[in-house]
file my_file16.pdb (PDB, C-alpha atoms and all ligand atoms)
MODEL        1
ATOM      1  CA  MET A   1      45.257  -1.332 -15.323  1.00  0.00           C
ATOM      2  CA  LYS A   2      42.052  -2.851 -13.985  1.00  0.00           C
ATOM      3  CA  ILE A   3      41.317  -6.544 -14.472  1.00  0.00           C
ATOM      4  CA  GLY A   4      38.149  -8.393 -13.498  1.00  0.00           C
ATOM      5  CA  VAL A   5      37.891 -12.024 -12.479  1.00  0.00           C
ATOM      6  CA  LEU A   6      34.568 -13.819 -12.927  1.00  0.00           C
ATOM      7  CA  SER A   7      33.893 -14.738  -9.302  1.00  0.00           C
ATOM      8  CA  ILE A   8      30.850 -16.975  -9.239  1.00  0.00           C
ATOM      9  CA  GLN A   9      32.482 -20.421  -9.032  1.00  0.00           C
ATOM     10  CA  GLY A  10      35.932 -21.983  -9.188  1.00  0.00           C
ATOM     11  CA  ASP A  11      39.400 -20.751  -8.256  1.00  0.00           C
ATOM     12  CA  PHE A  12      38.899 -17.020  -8.816  1.00  0.00           C
ATOM     13  CA  ALA A  13      40.626 -16.190  -5.494  1.00  0.00           C
ATOM     14  CA  GLU A  14      43.967 -17.514  -6.770  1.00  0.00           C
ATOM     15  CA  HIS A  15      43.771 -15.311  -9.874  1.00  0.00           C
ATOM     16  CA  LEU A  16      42.996 -12.279  -7.695  1.00  0.00           C
ATOM     17  CA  VAL A  17      46.050 -13.007  -5.519  1.00  0.00           C
ATOM     18  CA  MET A  18      48.318 -13.285  -8.557  1.00  0.00           C
ATOM     19  CA  LEU A  19      47.001 -10.050 -10.095  1.00  0.00           C
ATOM     20  CA  LYS A  20      47.421  -8.149  -6.817  1.00  0.00           C
ATOM     21  CA  ARG A  21      50.976  -9.473  -6.572  1.00  0.00           C
ATOM     22  CA  LEU A  22      51.583  -7.865  -9.977  1.00  0.00           C
ATOM     23  CA  GLY A  23      50.221  -4.535  -8.729  1.00  0.00           C
ATOM     24  CA  VAL A  24      47.040  -4.722 -10.806  1.00  0.00           C
ATOM     25  CA  GLU A  25      43.722  -3.285  -9.621  1.00  0.00           C
ATOM     26  CA  THR A  26      41.181  -6.129  -9.466  1.00  0.00           C
ATOM     27  CA  VAL A  27      37.407  -6.456  -9.531  1.00  0.00           C
ATOM     28  CA  GLU A  28      35.368  -9.508  -8.539  1.00  0.00           C
ATOM     29  CA  VAL A  29      32.817  -9.794 -11.341  1.00  0.00           C
ATOM     30  CA  ARG A  30      29.414 -11.173 -10.328  1.00  0.00           C
ATOM     31  CA  LEU A  31      27.024  -8.775 -12.028  1.00  0.00           C
ATOM     32  CA  PRO A  32      26.974  -7.103 -15.462  1.00  0.00           C
ATOM     33  CA  ASN A  33      27.829  -3.631 -14.125  1.00  0.00           C
ATOM     34  CA  HIS A  34      31.043  -5.002 -12.593  1.00  0.00           C
ATOM     35  CA  LEU A  35      32.411  -5.098 -16.163  1.00  0.00           C
ATOM     36  CA  ASP A  36      32.361  -1.297 -16.409  1.00  0.00           C
ATOM     37  CA  ARG A  37      35.773   0.235 -17.088  1.00  0.00           C
ATOM     38  CA  LEU A  38      37.710  -3.043 -16.950  1.00  0.00           C
ATOM     39  CA  ASP A  39      40.723  -3.523 -19.240  1.00  0.00           C
ATOM     40  CA  GLY A  40      40.328  -7.292 -19.277  1.00  0.00           C
ATOM     41  CA  LEU A  41      38.647 -10.267 -17.666  1.00  0.00           C
ATOM     42  CA  ILE A  42      39.771 -13.684 -16.436  1.00  0.00           C
ATOM     43  CA  LEU A  43      37.430 -16.695 -16.399  1.00  0.00           C
ATOM     44  CA  PRO A  44      38.803 -19.070 -13.743  1.00  0.00           C
ATOM     45  CA  GLY A  45      38.968 -22.841 -13.570  1.00  0.00           C
ATOM     46  CA  GLY A  46      36.229 -24.761 -11.836  1.00  0.00           C
ATOM     47  CA  GLU A  47      33.243 -26.492 -13.369  1.00  0.00           C
ATOM     48  CA  SER A  48      32.281 -25.085 -16.744  1.00  0.00           C
ATOM     49  CA  THR A  49      28.687 -26.313 -16.591  1.00  0.00           C
ATOM     50  CA  THR A  50      28.168 -24.540 -13.255  1.00  0.00           C
ATOM     51  CA  ILE A  51      29.916 -21.353 -14.407  1.00  0.00           C
ATOM     52  CA  GLY A  52      27.707 -21.357 -17.511  1.00  0.00           C
ATOM     53  CA  LYS A  53      24.446 -21.939 -15.660  1.00  0.00           C
ATOM     54  CA  LEU A  54      25.206 -19.307 -13.007  1.00  0.00           C
ATOM     55  CA  SER A  55      26.156 -16.829 -15.736  1.00  0.00           C
ATOM     56  CA  VAL A  56      22.733 -17.364 -17.275  1.00  0.00           C
ATOM     57  CA  ASP A  57      21.038 -16.911 -13.872  1.00  0.00           C
ATOM     58  CA  PHE A  58      22.979 -13.700 -13.145  1.00  0.00           C
ATOM     59  CA  GLY A  59      22.216 -12.214 -16.575  1.00  0.00           C
ATOM     60  CA  LEU A  60      25.906 -12.246 -17.449  1.00  0.00           C
ATOM     61  CA  LEU A  61      25.952 -14.191 -20.710  1.00  0.00           C
ATOM     62  CA  GLU A  62      25.171 -11.357 -23.136  1.00  0.00           C
ATOM     63  CA  PRO A  63      27.195  -8.685 -21.241  1.00  0.00           C
ATOM     64  CA  LEU A  64      30.217 -11.029 -21.222  1.00  0.00           C
ATOM     65  CA  ARG A  65      29.869 -11.692 -24.971  1.00  0.00           C
ATOM     66  CA  LYS A  66      29.676  -7.999 -25.654  1.00  0.00           C
ATOM     67  CA  PHE A  67      32.688  -7.308 -23.426  1.00  0.00           C
ATOM     68  CA  GLY A  68      34.691  -9.891 -25.377  1.00  0.00           C
ATOM     69  CA  GLU A  69      34.063  -8.094 -28.676  1.00  0.00           C
ATOM     70  CA  THR A  70      36.371  -5.265 -27.621  1.00  0.00           C
ATOM     71  CA  HIS A  71      38.304  -6.475 -24.574  1.00  0.00           C
ATOM     72  CA  ALA A  72      40.793  -9.129 -23.549  1.00  0.00           C
ATOM     73  CA  ILE A  73      39.404 -12.284 -21.967  1.00  0.00           C
ATOM     74  CA  TRP A  74      41.469 -15.182 -20.674  1.00  0.00           C
ATOM     75  CA  GLY A  75      39.877 -18.507 -19.747  1.00  0.00           C
ATOM     76  CA  THR A  76      41.799 -21.050 -17.671  1.00  0.00           C
ATOM     77  CA  CYS A  77      40.584 -24.656 -17.853  1.00  0.00           C
ATOM     78  CA  ALA A  78      36.795 -24.483 -17.201  1.00  0.00           C
ATOM     79  CA  GLY A  79      37.099 -20.816 -18.247  1.00  0.00           C
ATOM     80  CA  ALA A  80      38.598 -21.890 -21.579  1.00  0.00           C
ATOM     81  CA  ILE A  81      35.668 -24.248 -22.107  1.00  0.00           C
ATOM     82  CA  PHE A  82      33.218 -21.437 -21.320  1.00  0.00           C
ATOM     83  CA  LEU A  83      34.999 -19.161 -23.810  1.00  0.00           C
ATOM     84  CA  SER A  84      34.851 -21.709 -26.651  1.00  0.00           C
ATOM     85  CA  LYS A  85      32.419 -21.962 -29.537  1.00  0.00           C
ATOM     86  CA  ASP A  86      32.092 -25.719 -29.168  1.00  0.00           C
ATOM     87  CA  ALA A  87      32.483 -28.022 -26.170  1.00  0.00           C
ATOM     88  CA  ARG A  88      31.009 -31.026 -27.977  1.00  0.00           C
ATOM     89  CA  ARG A  89      28.043 -31.180 -25.642  1.00  0.00           C
ATOM     90  CA  SER A  90      25.132 -28.988 -24.693  1.00  0.00           C
ATOM     91  CA  GLN A  91      25.924 -26.444 -21.962  1.00  0.00           C
ATOM     92  CA  PRO A  92      25.810 -22.629 -21.778  1.00  0.00           C
ATOM     93  CA  LEU A  93      28.920 -21.182 -23.464  1.00  0.00           C
ATOM     94  CA  LEU A  94      30.045 -17.659 -24.277  1.00  0.00           C
ATOM     95  CA  GLY A  95      30.885 -19.078 -27.697  1.00  0.00           C
ATOM     96  CA  ILE A  96      33.204 -16.242 -28.662  1.00  0.00           C
ATOM     97  CA  MET A  97      36.524 -17.991 -29.304  1.00  0.00           C
ATOM     98  CA  ASP A  98      36.973 -20.089 -32.425  1.00  0.00           C
ATOM     99  CA  ILE A  99      38.152 -23.232 -30.682  1.00  0.00           C
ATOM    100  CA  THR A 100      36.611 -26.651 -30.157  1.00  0.00           C
ATOM    101  CA  VAL A 101      37.439 -28.155 -26.776  1.00  0.00           C
ATOM    102  CA  GLU A 102      37.146 -31.653 -25.422  1.00  0.00           C
ATOM    103  CA  ARG A 103      36.268 -31.691 -21.744  1.00  0.00           C
ATOM    104  CA  ASN A 104      38.036 -34.006 -19.283  1.00  0.00           C
ATOM    105  CA  ALA A 105      40.315 -35.133 -22.102  1.00  0.00           C
ATOM    106  CA  PHE A 106      42.857 -36.740 -19.778  1.00  0.00           C
ATOM    107  CA  GLY A 107      40.375 -38.672 -17.660  1.00  0.00           C
ATOM    108  CA  ARG A 108      39.178 -38.173 -14.129  1.00  0.00           C
ATOM    109  CA  GLN A 109      40.405 -36.049 -11.209  1.00  0.00           C
ATOM    110  CA  VAL A 110      43.002 -38.698 -10.245  1.00  0.00           C
ATOM    111  CA  ASP A 111      44.515 -38.418 -13.730  1.00  0.00           C
ATOM    112  CA  SER A 112      45.497 -34.797 -13.092  1.00  0.00           C
ATOM    113  CA  PHE A 113      49.180 -34.110 -13.829  1.00  0.00           C
ATOM    114  CA  GLU A 114      51.892 -31.477 -14.234  1.00  0.00           C
ATOM    115  CA  ALA A 115      54.165 -30.954 -17.235  1.00  0.00           C
ATOM    116  CA  ASP A 116      56.999 -28.667 -18.349  1.00  0.00           C
ATOM    117  CA  LEU A 117      56.134 -26.894 -21.580  1.00  0.00           C
ATOM    118  CA  ASP A 118      58.137 -24.803 -24.012  1.00  0.00           C
ATOM    119  CA  ILE A 119      56.049 -21.729 -24.752  1.00  0.00           C
ATOM    120  CA  PRO A 120      57.826 -19.425 -27.242  1.00  0.00           C
ATOM    121  CA  GLU A 121      55.256 -16.667 -26.691  1.00  0.00           C
ATOM    122  CA  LEU A 122      56.505 -16.228 -23.101  1.00  0.00           C
ATOM    123  CA  GLY A 123      59.966 -15.364 -24.420  1.00  0.00           C
ATOM    124  CA  GLU A 124      63.330 -16.774 -23.424  1.00  0.00           C
ATOM    125  CA  GLY A 125      63.551 -18.542 -20.098  1.00  0.00           C
ATOM    126  CA  SER A 126      62.987 -21.791 -18.308  1.00  0.00           C
ATOM    127  CA  PRO A 127      60.228 -24.167 -19.411  1.00  0.00           C
ATOM    128  CA  TYR A 128      56.791 -23.323 -18.109  1.00  0.00           C
ATOM    129  CA  HIS A 129      55.531 -25.666 -15.386  1.00  0.00           C
ATOM    130  CA  ALA A 130      51.857 -26.282 -16.145  1.00  0.00           C
ATOM    131  CA  ILE A 131      49.264 -27.843 -13.844  1.00  0.00           C
ATOM    132  CA  PHE A 132      46.423 -29.843 -15.431  1.00  0.00           C
ATOM    133  CA  ILE A 133      43.379 -30.699 -13.281  1.00  0.00           C
ATOM    134  CA  ARG A 134      40.712 -32.718 -15.094  1.00  0.00           C
ATOM    135  CA  ALA A 135      41.683 -30.542 -17.976  1.00  0.00           C
ATOM    136  CA  PRO A 136      40.251 -30.118 -21.437  1.00  0.00           C
ATOM    137  CA  ILE A 137      42.320 -30.153 -24.606  1.00  0.00           C
ATOM    138  CA  ILE A 138      41.813 -27.777 -27.472  1.00  0.00           C
ATOM    139  CA  ALA A 139      40.788 -30.308 -30.090  1.00  0.00           C
ATOM    140  CA  SER A 140      40.810 -27.890 -33.018  1.00  0.00           C
ATOM    141  CA  LEU A 141      41.129 -24.217 -33.905  1.00  0.00           C
ATOM    142  CA  GLN A 142      39.120 -22.294 -36.451  1.00  0.00           C
ATOM    143  CA  ALA A 143      39.322 -18.871 -38.127  1.00  0.00           C
ATOM    144  CA  ASP A 144      42.429 -16.977 -36.915  1.00  0.00           C
ATOM    145  CA  ALA A 145      42.849 -18.749 -33.566  1.00  0.00           C
ATOM    146  CA  ARG A 146      46.439 -19.944 -33.188  1.00  0.00           C
ATOM    147  CA  VAL A 147      48.373 -22.383 -31.035  1.00  0.00           C
ATOM    148  CA  ILE A 148      50.310 -21.002 -28.047  1.00  0.00           C
ATOM    149  CA  ALA A 149      51.314 -24.238 -26.320  1.00  0.00           C
ATOM    150  CA  THR A 150      51.249 -27.978 -26.889  1.00  0.00           C
ATOM    151  CA  LEU A 151      52.137 -31.027 -24.836  1.00  0.00           C
ATOM    152  CA  PRO A 152      55.180 -32.981 -26.060  1.00  0.00           C
ATOM    153  CA  ASP A 153      52.763 -35.303 -27.921  1.00  0.00           C
ATOM    154  CA  GLY A 154      51.380 -32.342 -29.882  1.00  0.00           C
ATOM    155  CA  ARG A 155      48.012 -31.942 -28.177  1.00  0.00           C
ATOM    156  CA  ILE A 156      47.033 -28.288 -27.966  1.00  0.00           C
ATOM    157  CA  VAL A 157      46.729 -26.826 -24.463  1.00  0.00           C
ATOM    158  CA  ALA A 158      46.825 -23.061 -25.072  1.00  0.00           C
ATOM    159  CA  ALA A 159      45.530 -20.855 -27.874  1.00  0.00           C
ATOM    160  CA  ARG A 160      45.053 -17.207 -28.682  1.00  0.00           C
ATOM    161  CA  GLN A 161      42.749 -15.302 -31.015  1.00  0.00           C
ATOM    162  CA  GLY A 162      43.283 -11.561 -30.959  1.00  0.00           C
ATOM    163  CA  LYS A 163      42.624 -10.532 -27.360  1.00  0.00           C
ATOM    164  CA  LEU A 164      41.198 -13.912 -26.391  1.00  0.00           C
ATOM    165  CA  LEU A 165      43.397 -16.446 -24.598  1.00  0.00           C
ATOM    166  CA  ALA A 166      42.580 -20.010 -23.569  1.00  0.00           C
ATOM    167  CA  THR A 167      44.718 -22.317 -21.438  1.00  0.00           C
ATOM    168  CA  SER A 168      43.861 -25.894 -20.422  1.00  0.00           C
ATOM    169  CA  PHE A 169      46.110 -25.508 -17.385  1.00  0.00           C
ATOM    170  CA  HIS A 170      46.169 -23.323 -14.264  1.00  0.00           C
ATOM    171  CA  PRO A 171      48.855 -20.577 -14.112  1.00  0.00           C
ATOM    172  CA  GLU A 172      47.087 -19.134 -11.046  1.00  0.00           C
ATOM    173  CA  LEU A 173      48.085 -22.221  -9.034  1.00  0.00           C
ATOM    174  CA  THR A 174      51.813 -21.631  -9.523  1.00  0.00           C
ATOM    175  CA  ARG A 175      54.248 -18.955  -8.312  1.00  0.00           C
ATOM    176  CA  ASP A 176      55.165 -18.226 -11.921  1.00  0.00           C
ATOM    177  CA  ALA A 177      53.574 -14.939 -13.038  1.00  0.00           C
ATOM    178  CA  ARG A 178      54.664 -15.131 -16.693  1.00  0.00           C
ATOM    179  CA  PHE A 179      51.262 -16.117 -18.054  1.00  0.00           C
ATOM    180  CA  HIS A 180      49.464 -13.366 -16.170  1.00  0.00           C
ATOM    181  CA  GLN A 181      52.072 -10.876 -17.401  1.00  0.00           C
ATOM    182  CA  TYR A 182      51.553 -12.135 -20.936  1.00  0.00           C
ATOM    183  CA  PHE A 183      47.794 -11.555 -20.621  1.00  0.00           C
ATOM    184  CA  LEU A 184      48.341  -8.063 -19.179  1.00  0.00           C
ATOM    185  CA  SER A 185      50.655  -7.228 -22.081  1.00  0.00           C
ATOM    186  CA  PHE A 186      47.791  -7.376 -24.566  1.00  0.00           C
ATOM    187  CA  ALA A 187      44.876  -6.471 -22.279  1.00  0.00           C
ATOM    188  CA  LYS A 188      45.778  -2.790 -22.238  1.00  0.00           C
TER     189      LYS A 188
HETATM  190  N1  LIG B   1      36.609 -30.579 -15.781  1.00  0.00           N
HETATM  191  C1  LIG B   1      36.167 -29.209 -15.653  1.00  0.00           C
HETATM  192  C2  LIG B   1      35.118 -28.882 -16.725  1.00  0.00           C
HETATM  193  O1  LIG B   1      34.939 -29.631 -17.655  1.00  0.00           O
HETATM  194  C3  LIG B   1      37.329 -28.236 -15.748  1.00  0.00           C
HETATM  195  C4  LIG B   1      38.295 -28.500 -14.624  1.00  0.00           C
HETATM  196  C5  LIG B   1      39.097 -27.294 -14.212  1.00  0.00           C
HETATM  197  O2  LIG B   1      38.719 -26.137 -14.455  1.00  0.00           O
HETATM  198  N2  LIG B   1      40.185 -27.563 -13.521  1.00  0.00           N
HETATM  199  O3  LIG B   1      34.489 -27.889 -16.612  1.00  0.00           O
ENDMDL
END
call {"tool": "encode", "arguments": {"input": "my_file16.pdb", "output": "structure tokens"}}
result
Amino acid sequence: MKIGVLSIQGDFAEHLVMLKRLGVETVEVRLPNHLDRLDGLILPGGESTTIGKLSVDFGLLEPLRKFGETHAIWGTCAGAIFLSKDARRSQPLLGIMDITVERNAFGRQVDSFEADLDIPELGEGSPYHAIFIRAPIIASLQADARVIATLPDGRIVAARQGKLLATSFHPELTRDARFHQYFLSFAK
């Protein structure tokens, strides 16, 4: 199993640590040829506008879109925004997942928070402790995208469409590997 992490901005290092902990071979993706022979790709959290602009500069936009047609991609927070078809403003997006996101939906950095979520897709076990940092929400889903997790008030914070996964929160900032294991389970 070989998983790439888009490593041009944001908290890619934390994803790499988690993947290595799980015994996965990792690749830091900065150029199109780094996508060769990967089983899946993670788009980290950070600043989606910056990740988008740098992806354009590095000639990554089209190669990433093509990769997503046949491979698993998981976007966390800014990565989920980058993955979406619609972020309700003009910025470079991969535009491959049928979700509409609302950026900074909970307010500013100081309004960041943590919450325990019930996520049936992760199987039996304790609630999942999710970390939200100036997070987006998934405002709506289209086509066959489906809900994976909601806040207690019903707002959608994780979704899946085939091999595409989007989470508003940051599993890479916890010790809990369940979300990474979930991604690996369908990346192969
Ligand atoms: N607020 C950032 C954005 O809109 C995302 C924040 C994050 O990735 N933690 O891109």
call {"tool": "axis_aligned_box", "arguments": {"input": "my_file16.pdb", "around": "ligand LIG 1 (chain B)", "padding_each_side": "4 Å", "output": "lines of an AutoDock Vina configuration file"}}
result
center_x = 37.3
center_y = -28.4
center_z = -15.6
size_x = 13.7
size_y = 12.4
size_z = 12.1
call {"tool": "atom_distance", "arguments": {"input": "my_file16.pdb", "atom1": "atom CA of A:Leu19", "atom2": "atom CA of A:Met1"}}
result
10.3 Å
call {"tool": "residues_near_ligand", "arguments": {"input": "my_file16.pdb", "ligand": "ligand LIG 1 (chain B)", "cutoff": "10 Å", "atoms": "all atoms listed in the file", "output": "NGL selection string"}}
result
:A and (10-11 or 43-52 or 75-82 or 87 or 101-109 or 112 or 131-136 or 167-170)
call {"tool": "atom_distance", "arguments": {"input": "my_file16.pdb", "atom1": "atom CA of A:Val5", "atom2": "atom CA of A:Gly40"}}
result
8.6 Å
call {"tool": "residues_around", "arguments": {"input": "my_file16.pdb", "residues": "stretch 55-62 of chain A", "least_positions_apart": "3", "cutoff": "7 Å", "atoms": "only C-alpha atoms", "output": "list in words"}}
result
Leu31, Pro32, Ile51, Gly52, Arg65, Lys66 and Leu94 of chain A
call {"tool": "residues_around", "arguments": {"input": "my_file16.pdb", "residues": "A:Gln142", "least_positions_apart": "6", "cutoff": "9 Å", "atoms": "all atoms listed in the file", "output": "ChimeraX atom specification"}}
result
/A:97-100
call {"tool": "residues_around", "arguments": {"input": "my_file16.pdb", "residues": "A:Arg178", "least_positions_apart": "2", "cutoff": "12 Å", "atoms": "all atoms listed in the file", "output": "list in words"}}
result
Met18, Leu19, Leu22, Ile119, Pro120, Glu121, Leu122, Gly123, Glu124, Gly125, Ser126, Pro127, Tyr128, His129, Ala130, Pro171, Glu172, Thr174, Arg175, Asp176, His180, Gln181, Tyr182, Phe183, Leu184 and Ser185 of chain A
call {"tool": "atom_distance", "arguments": {"input": "my_file16.pdb", "atom1": "atom CA of A:Gly23", "atom2": "atom CA of A:Asp39"}}
result
14.2 Å
call {"tool": "closest_residue", "arguments": {"input": "my_file16.pdb", "among": "A:Arg89, A:Arg160, A:His71, A:Arg155", "to": "A:Ile3", "atoms": "all atoms listed in the file"}}
result
A:His71
call {"tool": "resolve_selection", "arguments": {"input": "my_file16.pdb", "expression": "the PyMOL selection byres (((chain A and resi 163) around 8) and not hetatm)", "output": "list in words"}}
result
His71, Ala72, Ile73, Arg160, Gln161, Gly162, Leu164, Leu165, Phe186 and Ala187 of chain A
call {"tool": "closest_residue", "arguments": {"input": "my_file16.pdb", "among": "A:Gln9, A:Phe67, A:Glu14, A:Ile156", "to": "A:Asp36", "atoms": "only C-alpha atoms"}}
result
A:Phe67
call {"tool": "closest_residue", "arguments": {"input": "my_file16.pdb", "among": "A:Ala166, A:Arg30, A:Leu151, A:Leu16", "to": "A:Phe113", "atoms": "all atoms listed in the file"}}
result
A:Leu151
call {"tool": "resolve_selection", "arguments": {"input": "my_file16.pdb", "expression": "the PyMOL selection byres (((chain A and resi 154) around 12) and not hetatm)", "output": "JSON, numbers by chain"}}
result
{"A": [117, 118, 137, 138, 139, 140, 147, 148, 149, 150, 151, 152, 153, 155, 156, 157, 158]}
call {"tool": "write_last_selection", "arguments": {"input": "my_file16.pdb", "atoms": "C-alpha atoms", "output": "mmCIF file, in the frame of the given file"}}
result
data_model
loop_
_atom_site.group_PDB
_atom_site.id
_atom_site.type_symbol
_atom_site.label_atom_id
_atom_site.label_comp_id
_atom_site.auth_asym_id
_atom_site.auth_seq_id
_atom_site.Cartn_x
_atom_site.Cartn_y
_atom_site.Cartn_z
ATOM 1 C CA LEU A 117 56.134 -26.894 -21.580
ATOM 2 C CA ASP A 118 58.137 -24.803 -24.012
ATOM 3 C CA ILE A 137 42.320 -30.153 -24.606
ATOM 4 C CA ILE A 138 41.813 -27.777 -27.472
ATOM 5 C CA ALA A 139 40.788 -30.308 -30.090
ATOM 6 C CA SER A 140 40.810 -27.890 -33.018
ATOM 7 C CA VAL A 147 48.373 -22.383 -31.035
ATOM 8 C CA ILE A 148 50.310 -21.002 -28.047
ATOM 9 C CA ALA A 149 51.314 -24.238 -26.320
ATOM 10 C CA THR A 150 51.249 -27.978 -26.889
ATOM 11 C CA LEU A 151 52.137 -31.027 -24.836
ATOM 12 C CA PRO A 152 55.180 -32.981 -26.060
ATOM 13 C CA ASP A 153 52.763 -35.303 -27.921
ATOM 14 C CA ARG A 155 48.012 -31.942 -28.177
ATOM 15 C CA ILE A 156 47.033 -28.288 -27.966
ATOM 16 C CA VAL A 157 46.729 -26.826 -24.463
ATOM 17 C CA ALA A 158 46.825 -23.061 -25.072
#
call {"tool": "closest_residue", "arguments": {"input": "my_file16.pdb", "among": "A:Ser84, A:Ala115, A:Leu93, A:Val110", "to": "A:Leu141", "atoms": "all atoms listed in the file"}}
result
A:Ser84
call {"tool": "decode", "arguments": {"input": "my_file16.pdb", "residues": "stretch 98-128 of chain A", "atoms": "C-alpha atoms", "output": "mmCIF file, in the first residue's frame"}}
result
data_model
loop_
_atom_site.group_PDB
_atom_site.id
_atom_site.type_symbol
_atom_site.label_atom_id
_atom_site.label_comp_id
_atom_site.auth_asym_id
_atom_site.auth_seq_id
_atom_site.Cartn_x
_atom_site.Cartn_y
_atom_site.Cartn_z
ATOM 1 C CA ASP A 98 -20.286 16.364 -5.799
ATOM 2 C CA ILE A 99 -20.463 18.446 -2.646
ATOM 3 C CA THR A 100 -21.025 22.133 -1.989
ATOM 4 C CA VAL A 101 -18.998 23.452 0.931
ATOM 5 C CA GLU A 102 -19.238 26.614 2.955
ATOM 6 C CA ARG A 103 -15.845 27.858 4.067
ATOM 7 C CA ASN A 104 -15.223 29.078 7.627
ATOM 8 C CA ALA A 105 -18.774 28.071 8.509
ATOM 9 C CA PHE A 106 -18.190 28.251 12.260
ATOM 10 C CA GLY A 107 -16.483 31.637 12.290
ATOM 11 C CA ARG A 108 -12.896 32.624 12.846
ATOM 12 C CA GLN A 109 -9.837 30.784 14.189
ATOM 13 C CA VAL A 110 -10.879 31.489 17.810
ATOM 14 C CA ASP A 111 -14.186 29.713 17.156
ATOM 15 C CA SER A 112 -12.380 26.421 16.542
ATOM 16 C CA PHE A 113 -13.775 23.553 18.642
ATOM 17 C CA GLU A 114 -13.780 19.806 19.281
ATOM 18 C CA ALA A 115 -16.785 17.479 19.317
ATOM 19 C CA ASP A 116 -17.581 13.796 19.869
ATOM 20 C CA LEU A 117 -19.354 12.318 16.869
ATOM 21 C CA ASP A 118 -21.127 9.035 16.257
ATOM 22 C CA ILE A 119 -19.858 7.736 12.931
ATOM 23 C CA PRO A 120 -21.525 4.409 12.025
ATOM 24 C CA GLU A 121 -19.144 3.889 9.098
ATOM 25 C CA LEU A 122 -16.232 3.478 11.546
ATOM 26 C CA GLY A 123 -17.989 0.495 13.121
ATOM 27 C CA GLU A 124 -18.697 -0.218 16.766
ATOM 28 C CA GLY A 125 -16.655 1.657 19.326
ATOM 29 C CA SER A 126 -16.338 4.868 21.241
ATOM 30 C CA PRO A 127 -17.505 8.159 19.730
ATOM 31 C CA TYR A 128 -15.044 9.790 17.384
#
